[in-house]
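Engineer: I am attaching a structure below and will ask some questions about it afterwards.
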Amino acid sequence: MLQKPRGTRDFLPDEMEARRSVEWCFREVARRWGYREVCTPEFEDLDLFTMRSGEGIIEEMYVFLDKGGRKLALRPEITASVIRMYVNEAKVAKKPLRWYYFADCFRYERPQKGRYRQFWQFGVELIGADTALADAEMVILAADMLNATGVMYDLRVGHLSFMKQLLQDLEPNIQRRVMSYLDKKDFKGLTVTLEAMKKPDLYQSLTALIDCRELAEAFDISGLVPEKERIEQTIGILDATDVKYTLNFGIARGLDYYTGMVFEGFAPNLGAENQILGGGAYRLAHLFGGDDVASCGFAIGFDRVMVSLGDVKQSKDTVVAIVCTNEGQKRALAIARAFRDAGIRAEMNLMERGLGTQLAHASKSADYAVVIGQREAESGNVTIKNLQTGEQKTVELAAAIAEVRAHGPRG
Ligand code: HAM
C-alpha cells in the first residue's frame, strides 16, 4: 500500500473543519488590524533563500532542478518571498504595507510530533515602518491572534543588539555560528567554539544575557547598545498594553535576516517542539534589488497551535438525511435543494436501500430524517423525524425547514 511522504500529513474532514475555524480566527484578527492577504509561489529560485543565509541552508530545503535546468526550492518560509514580491510589484506603494499570508512551507527536517516536512504558517509582514510603534504592533498583533484561538502561550521579547554587541569582535562567520548555537540552546557547541577562540569571558557574558529578564541588567551586561532609545520606547509601549510577555535577550532566531527586536511564542503544553511563533524586525529588500526598507513580521506555526489546542471536535453542522422511495426520488431532490437553499446541510440517500435501512443509517449520521415516500410525493408535504427524540410528524416543507433551523448547532 502506498503511503504519504515522510513528514507530511493527511487531514480528514473533522480535522480540516477544526483547522479552518482556527484559520478564520487569525484571518479575522488580521482584517481588523488592516492586514490584507497576499500569495506567493510555492517554489522560488534557490537564490532567494541562499542569498542571505548561504549555501548551508540547502541541507534543510527541498531543492530541485526543473526541466529547464533552473535551480528551484520549495519555500522553507514565506518572508523572503513576500519581500521579493514587494520589490517586484509594490516598491512604489504607499508605506507602511500591512500584508498577511496563510500558506504551507517545506523543510527537510527530521520529523517528530510538531515538526513536519510540510507545515503551515500564518504570518504577517509590516513593510516600511521603522519605528518603535511598528515593532510593538507586531507583538500586540501576535498576542491578539493567539488569544483569538484560546491557545495557551508564553511570549518572549528580546533584541539582537545585546548579543551582537557582545559578539562584535568575532568574525562574521563565527558570529553566525555562535548565534546558531544560541538559537538551538547548544551550550556544548558554544563552549567548544568560544574555548577555541580563547574567549571564556564571552561565554560568561552570553549566559548571563540569556538568563537576564530586566532591560537595565541587559545594558549592564552588554554595555550601551546603539538602539537603546528605540528598545526602551518599544518596551514602554508594550508595558502600556495588556500584552503579557517576558523580556528574553537570549532569543537569537534561526533565520539570519533579523536586525533588531525579536520575539517568540511558546505553548507550555507542547513537548520539544513548543515554539508556536517567531518573528522580529529585519531587512531583506536591498538583497533582492529593492530599497533598504525596514520590515517587521512574524509567523505562527499553525500546526503546532492545532496540536496545542488539542482534540478535534466533531462538526456542529445540523445534518438532514433525505430518505426516499424510488417513487419519491424526484420530489426528494427538490426537497434537498430547498433545505440547502435555506443554508441547511442536506444529504440525499444514494444507495439502493429500503426506507428502513435508510432510516437506520440516517440515525447514525444525521440529526433529522426527511422521508419522501409515495404519499409525500403526492401530497407535497414531508415527513420529518427528529432522530434524537424519535418524534415524527408530517408537515409542510416550510415548517420542516423552520424546525431544523430552530434546532441550532449540534452539541
Ligand atoms: P520560524 O521561527 O522559522 O520563522 O518559523 C515560524 C514558526 O513556524 C515556528 O515558530 C514554528 O511554530 C513553525 N515551524 C517551523 N518549522 C516547523 C516544522 N518543521 N513543522 C511545524 N512547524 C514549524 C519564520 O519562518 C519567519 N519567516 C517568521 C517571520 C516572519 N519573521 C519575520 N516575518
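Labels used: A, B, ... for chains in the order of the C-alpha cells, numbers from 1 for residues in each chain, and numbers from 1 for ligands as shown.
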Could you list, as a PyMOL selection string, every residue within 12 Å of Gly343 (chain A), counting only C-alpha atoms and ignoring same-chain residues fewer than 5 positions away?
Structural biologist: chain A and resi 317-320+336-338+401-402+404-405+408
Engineer: Each residue of chain A with at least one atom at most 9 Å from ligand 1 should appear once, together with its nearest atom pair and the corresponding distance in Å (one decimal); atoms considered: only C-alpha atoms and all ligand atoms; ordering: chain, then increasing residue number; output as JSON lines.
Structural biologist:
{"residue": "A:Gly7", "atom": "CA", "partner": "ligand 1", "partner_atom_place_in_ligand_line": "19 (N)", "distance": 8.5}
{"residue": "A:Pro76", "atom": "CA", "partner": "ligand 1", "partner_atom_place_in_ligand_line": "25 (O)", "distance": 7.3}
{"residue": "A:Glu77", "atom": "CA", "partner": "ligand 1", "partner_atom_place_in_ligand_line": "25 (O)", "distance": 4.6}
{"residue": "A:Ile78", "atom": "CA", "partner": "ligand 1", "partner_atom_place_in_ligand_line": "27 (N)", "distance": 5.6}
{"residue": "A:Thr79", "atom": "CA", "partner": "ligand 1", "partner_atom_place_in_ligand_line": "27 (N)", "distance": 4.6}
{"residue": "A:Ala80", "atom": "CA", "partner": "ligand 1", "partner_atom_place_in_ligand_line": "27 (N)", "distance": 7.4}
{"residue": "A:Cys105", "atom": "CA", "partner": "ligand 1", "partner_atom_place_in_ligand_line": "17 (C)", "distance": 8.1}
{"residue": "A:Phe106", "atom": "CA", "partner": "ligand 1", "partner_atom_place_in_ligand_line": "19 (N)", "distance": 7.4}
{"residue": "A:Arg107", "atom": "CA", "partner": "ligand 1", "partner_atom_place_in_ligand_line": "19 (N)", "distance": 5.8}
{"residue": "A:Tyr108", "atom": "CA", "partner": "ligand 1", "partner_atom_place_in_ligand_line": "19 (N)", "distance": 7.8}
{"residue": "A:Glu109", "atom": "CA", "partner": "ligand 1", "partner_atom_place_in_ligand_line": "19 (N)", "distance": 6.2}
{"residue": "A:Arg110", "atom": "CA", "partner": "ligand 1", "partner_atom_place_in_ligand_line": "19 (N)", "distance": 8.2}
{"residue": "A:Pro111", "atom": "CA", "partner": "ligand 1", "partner_atom_place_in_ligand_line": "19 (N)", "distance": 7.3}
{"residue": "A:Gln112", "atom": "CA", "partner": "ligand 1", "partner_atom_place_in_ligand_line": "20 (N)", "distance": 8.6}
{"residue": "A:Lys113", "atom": "CA", "partner": "ligand 1", "partner_atom_place_in_ligand_line": "20 (N)", "distance": 8.5}
{"residue": "A:Gly114", "atom": "CA", "partner": "ligand 1", "partner_atom_place_in_ligand_line": "21 (C)", "distance": 5.3}
{"residue": "A:Arg115", "atom": "CA", "partner": "ligand 1", "partner_atom_place_in_ligand_line": "20 (N)", "distance": 3.6}
{"residue": "A:Tyr116", "atom": "CA", "partner": "ligand 1", "partner_atom_place_in_ligand_line": "20 (N)", "distance": 4.0}
{"residue": "A:Arg117", "atom": "CA", "partner": "ligand 1", "partner_atom_place_in_ligand_line": "19 (N)", "distance": 5.4}
{"residue": "A:Gln118", "atom": "CA", "partner": "ligand 1", "partner_atom_place_in_ligand_line": "20 (N)", "distance": 6.8}
{"residue": "A:Phe119", "atom": "CA", "partner": "ligand 1", "partner_atom_place_in_ligand_line": "21 (C)", "distance": 5.0}
{"residue": "A:Trp120", "atom": "CA", "partner": "ligand 1", "partner_atom_place_in_ligand_line": "22 (N)", "distance": 6.9}
{"residue": "A:Gln121", "atom": "CA", "partner": "ligand 1", "partner_atom_place_in_ligand_line": "8 (O)", "distance": 5.8}
{"residue": "A:Phe122", "atom": "CA", "partner": "ligand 1", "partner_atom_place_in_ligand_line": "8 (O)", "distance": 8.4}
{"residue": "A:Gly123", "atom": "CA", "partner": "ligand 1", "partner_atom_place_in_ligand_line": "30 (C)", "distance": 5.9}
{"residue": "A:Val124", "atom": "CA", "partner": "ligand 1", "partner_atom_place_in_ligand_line": "33 (N)", "distance": 6.3}
{"residue": "A:Glu125", "atom": "CA", "partner": "ligand 1", "partner_atom_place_in_ligand_line": "33 (N)", "distance": 5.6}
{"residue": "A:Leu126", "atom": "CA", "partner": "ligand 1", "partner_atom_place_in_ligand_line": "33 (N)", "distance": 8.3}
{"residue": "A:Arg253", "atom": "CA", "partner": "ligand 1", "partner_atom_place_in_ligand_line": "2 (O)", "distance": 6.7}
{"residue": "A:Gly254", "atom": "CA", "partner": "ligand 1", "partner_atom_place_in_ligand_line": "3 (O)", "distance": 6.4}
{"residue": "A:Leu255", "atom": "CA", "partner": "ligand 1", "partner_atom_place_in_ligand_line": "3 (O)", "distance": 6.3}
{"residue": "A:Tyr257", "atom": "CA", "partner": "ligand 1", "partner_atom_place_in_ligand_line": "31 (N)", "distance": 8.5}
{"residue": "A:Tyr258", "atom": "CA", "partner": "ligand 1", "partner_atom_place_in_ligand_line": "32 (C)", "distance": 7.7}
{"residue": "A:Val262", "atom": "CA", "partner": "ligand 1", "partner_atom_place_in_ligand_line": "31 (N)", "distance": 8.6}
{"residue": "A:Glu264", "atom": "CA", "partner": "ligand 1", "partner_atom_place_in_ligand_line": "10 (O)", "distance": 6.9}
{"residue": "A:Gly265", "atom": "CA", "partner": "ligand 1", "partner_atom_place_in_ligand_line": "10 (O)", "distance": 7.1}
{"residue": "A:Phe266", "atom": "CA", "partner": "ligand 1", "partner_atom_place_in_ligand_line": "10 (O)", "distance": 8.1}
{"residue": "A:Glu273", "atom": "CA", "partner": "ligand 1", "partner_atom_place_in_ligand_line": "12 (O)", "distance": 7.8}
{"residue": "A:Asn274", "atom": "CA", "partner": "ligand 1", "partner_atom_place_in_ligand_line": "12 (O)", "distance": 7.3}
{"residue": "A:Gln275", "atom": "CA", "partner": "ligand 1", "partner_atom_place_in_ligand_line": "10 (O)", "distance": 4.8}
{"residue": "A:Ile276", "atom": "CA", "partner": "ligand 1", "partner_atom_place_in_ligand_line": "12 (O)", "distance": 3.5}
{"residue": "A:Leu277", "atom": "CA", "partner": "ligand 1", "partner_atom_place_in_ligand_line": "10 (O)", "distance": 3.6}
{"residue": "A:Gly278", "atom": "CA", "partner": "ligand 1", "partner_atom_place_in_ligand_line": "2 (O)", "distance": 4.2}
{"residue": "A:Gly279", "atom": "CA", "partner": "ligand 1", "partner_atom_place_in_ligand_line": "31 (N)", "distance": 3.8}
{"residue": "A:Gly280", "atom": "CA", "partner": "ligand 1", "partner_atom_place_in_ligand_line": "32 (C)", "distance": 5.3}
{"residue": "A:Ala281", "atom": "CA", "partner": "ligand 1", "partner_atom_place_in_ligand_line": "32 (C)", "distance": 6.7}
{"residue": "A:Tyr282", "atom": "CA", "partner": "ligand 1", "partner_atom_place_in_ligand_line": "32 (C)", "distance": 6.9}
{"residue": "A:Ser295", "atom": "CA", "partner": "ligand 1", "partner_atom_place_in_ligand_line": "32 (C)", "distance": 8.0}
{"residue": "A:Cys296", "atom": "CA", "partner": "ligand 1", "partner_atom_place_in_ligand_line": "32 (C)", "distance": 5.8}
{"residue": "A:Gly297", "atom": "CA", "partner": "ligand 1", "partner_atom_place_in_ligand_line": "33 (N)", "distance": 3.5}
{"residue": "A:Phe298", "atom": "CA", "partner": "ligand 1", "partner_atom_place_in_ligand_line": "30 (C)", "distance": 3.5}
{"residue": "A:Ala299", "atom": "CA", "partner": "ligand 1", "partner_atom_place_in_ligand_line": "28 (C)", "distance": 4.3}
{"residue": "A:Ile300", "atom": "CA", "partner": "ligand 1", "partner_atom_place_in_ligand_line": "7 (C)", "distance": 5.1}
{"residue": "A:Gly301", "atom": "CA", "partner": "ligand 1", "partner_atom_place_in_ligand_line": "12 (O)", "distance": 3.3}
{"residue": "A:Phe302", "atom": "CA", "partner": "ligand 1", "partner_atom_place_in_ligand_line": "12 (O)", "distance": 6.8}
{"residue": "A:Asp303", "atom": "CA", "partner": "ligand 1", "partner_atom_place_in_ligand_line": "21 (C)", "distance": 6.0}
{"residue": "A:Arg304", "atom": "CA", "partner": "ligand 1", "partner_atom_place_in_ligand_line": "12 (O)", "distance": 5.9}
{"residue": "A:Val305", "atom": "CA", "partner": "ligand 1", "partner_atom_place_in_ligand_line": "12 (O)", "distance": 7.8}
Engineer: DSSP says strand (DSSP E or B) for which residues of region 200-276 of chain A? Put them as an mmCIF file with N, CA and C atoms, in the first residue's frame?
Structural biologist:
data_model
loop_
_atom_site.group_PDB
_atom_site.id
_atom_site.type_symbol
_atom_site.label_atom_id
_atom_site.label_comp_id
_atom_site.auth_asym_id
_atom_site.auth_seq_id
_atom_site.Cartn_x
_atom_site.Cartn_y
_atom_site.Cartn_z
ATOM 1 N N THR A 246 7.545 38.254 28.615
ATOM 2 C CA THR A 246 8.747 38.416 29.436
ATOM 3 C C THR A 246 9.885 38.857 28.516
ATOM 4 N N LEU A 247 10.788 39.618 29.093
ATOM 5 C CA LEU A 247 11.961 40.009 28.311
ATOM 6 C C LEU A 247 12.912 38.821 28.270
ATOM 7 N N TYR A 258 17.313 38.888 10.723
ATOM 8 C CA TYR A 258 16.790 39.819 11.732
ATOM 9 C C TYR A 258 17.838 40.862 12.107
ATOM 10 N N THR A 259 17.346 42.054 12.429
ATOM 11 C CA THR A 259 18.272 43.142 12.715
ATOM 12 C C THR A 259 18.032 43.794 14.076
ATOM 13 N N GLY A 260 16.851 43.628 14.664
ATOM 14 C CA GLY A 260 16.554 44.373 15.891
ATOM 15 C C GLY A 260 15.697 43.589 16.858
ATOM 16 N N MET A 261 14.494 44.101 17.099
ATOM 17 C CA MET A 261 13.586 43.441 18.025
ATOM 18 C C MET A 261 13.243 42.041 17.505
ATOM 19 N N VAL A 262 13.242 41.071 18.394
ATOM 20 C CA VAL A 262 12.874 39.698 18.019
ATOM 21 C C VAL A 262 11.925 39.151 19.083
ATOM 22 N N PHE A 263 11.064 38.253 18.692
ATOM 23 C CA PHE A 263 10.164 37.678 19.700
ATOM 24 C C PHE A 263 9.725 36.277 19.304
ATOM 25 N N GLU A 264 9.363 35.513 20.320
ATOM 26 C CA GLU A 264 8.958 34.120 20.105
ATOM 27 C C GLU A 264 7.826 33.760 21.055
ATOM 28 N N GLY A 265 6.972 32.844 20.613
ATOM 29 C CA GLY A 265 5.878 32.369 21.460
ATOM 30 C C GLY A 265 6.025 30.870 21.684
ATOM 31 N N PHE A 266 5.711 30.436 22.897
ATOM 32 C CA PHE A 266 5.849 29.015 23.242
ATOM 33 C C PHE A 266 4.551 28.516 23.865
ATOM 34 N N GLN A 275 7.739 25.790 20.172
ATOM 35 C CA GLN A 275 7.723 27.172 19.690
ATOM 36 C C GLN A 275 6.607 27.326 18.662
ATOM 37 N N ILE A 276 5.629 28.154 18.987
ATOM 38 C CA ILE A 276 4.469 28.275 18.088
ATOM 39 C C ILE A 276 4.502 29.570 17.284
#
Engineer: If you measure from CA of Asp154 (chain A) to CA of Val29 (chain A), what distance in Å do you get, rounded to one decimal?
Structural biologist: 19.2 Å
Engineer: Would you mind telling me which residue in A:Glu44, A:Asp14, A:Leu97, A:Val87 lies nearest to Ala73 (chain A) when using only C-alpha atoms?
Structural biologist: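 Once distances to Ala73 (chain A) are computed over only C-alpha atoms, the minimum belongs to A:Glu44.
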Engineer: Name the closest residue to Asp256 (chain A) among the candidates A:Met179, A:Ile344, A:Ile235, A:Val225; distances are taken between atoms, counting only C-alpha atoms.
Structural biologist: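 Closest to Asp256 (chain A), using only C-alpha atoms: A:Met179.
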Engineer: Just list as a VMD selection string whatever in region 193-366 of chain A DSSP marks as helix (DSSP H, G or I).
Structural biologist: chain A and resid 193 to 196 200 to 211 215 to 222 228 to 239 285 to 288 302 to 309 329 to 341 355 to 365
Engineer: Can you pull out the residues contacting region 202-205 of chain A? Cut-off 7 Å, using only C-alpha atoms, and skip same-chain residues under 3 positions away; I want them as an mmCIF file with all heavy atoms, in the first residue's frame.
Structural biologist:
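Below is the file selection-v8.cif, written as the result:
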data_model
loop_
_atom_site.group_PDB
_atom_site.id
_atom_site.type_symbol
_atom_site.label_atom_id
_atom_site.label_comp_id
_atom_site.auth_asym_id
_atom_site.auth_seq_id
_atom_site.Cartn_x
_atom_site.Cartn_y
_atom_site.Cartn_z
ATOM 1 N N THR A 191 30.436 26.375 24.014
ATOM 2 C CA THR A 191 31.656 26.304 24.832
ATOM 3 C C THR A 191 32.863 25.955 23.969
ATOM 4 O O THR A 191 33.907 26.614 24.054
ATOM 5 C CB THR A 191 31.511 25.206 25.922
ATOM 6 O OG1 THR A 191 30.228 25.326 26.480
ATOM 7 C CG2 THR A 191 32.556 25.313 27.002
ATOM 8 N N LEU A 194 33.890 28.898 21.745
ATOM 9 C CA LEU A 194 34.464 30.033 22.455
ATOM 10 C C LEU A 194 35.796 29.673 23.115
ATOM 11 O O LEU A 194 36.695 30.518 23.202
ATOM 12 C CB LEU A 194 33.469 30.600 23.472
ATOM 13 C CG LEU A 194 32.225 31.218 22.823
ATOM 14 C CD1 LEU A 194 31.268 31.762 23.873
ATOM 15 C CD2 LEU A 194 32.594 32.329 21.845
ATOM 16 N N LYS A 199 37.932 32.694 24.441
ATOM 17 C CA LYS A 199 37.026 33.756 24.895
ATOM 18 C C LYS A 199 36.124 33.252 26.032
ATOM 19 O O LYS A 199 34.889 33.271 25.912
ATOM 20 C CB LYS A 199 36.117 34.206 23.741
ATOM 21 C CG LYS A 199 36.805 34.791 22.543
ATOM 22 C CD LYS A 199 36.682 36.300 22.576
ATOM 23 C CE LYS A 199 37.294 36.898 21.333
ATOM 24 N NZ LYS A 199 37.716 38.259 21.506
ATOM 25 N N ALA A 208 24.939 35.000 30.981
ATOM 26 C CA ALA A 208 24.292 35.992 31.864
ATOM 27 C C ALA A 208 23.183 36.708 31.089
ATOM 28 O O ALA A 208 22.078 36.938 31.610
ATOM 29 C CB ALA A 208 25.319 37.005 32.369
ATOM 30 N N LEU A 209 23.463 37.027 29.825
ATOM 31 C CA LEU A 209 22.471 37.713 28.995
ATOM 32 C C LEU A 209 21.240 36.830 28.769
ATOM 33 O O LEU A 209 20.094 37.298 28.832
ATOM 34 C CB LEU A 209 23.112 38.066 27.643
ATOM 35 C CG LEU A 209 22.318 38.993 26.726
ATOM 36 C CD1 LEU A 209 22.081 40.349 27.379
ATOM 37 C CD2 LEU A 209 23.039 39.178 25.399
ATOM 38 N N ILE A 221 25.203 44.185 31.129
ATOM 39 C CA ILE A 221 25.987 43.057 30.613
ATOM 40 C C ILE A 221 26.645 43.410 29.274
ATOM 41 O O ILE A 221 27.822 43.122 29.057
ATOM 42 C CB ILE A 221 25.097 41.802 30.445
ATOM 43 C CG1 ILE A 221 24.558 41.353 31.807
ATOM 44 C CG2 ILE A 221 25.852 40.661 29.759
ATOM 45 C CD1 ILE A 221 23.443 40.333 31.742
#
Engineer: Excluding Ala334 (chain A) and its own-chain neighbours fewer than 6 positions away, which residues fall within 12 Å of it when counting only C-alpha atoms? Please give them as a PyMOL selection string.
Structural biologist: chain A and resi 322+324+328+340-341+346+348+372+377+380+382+397
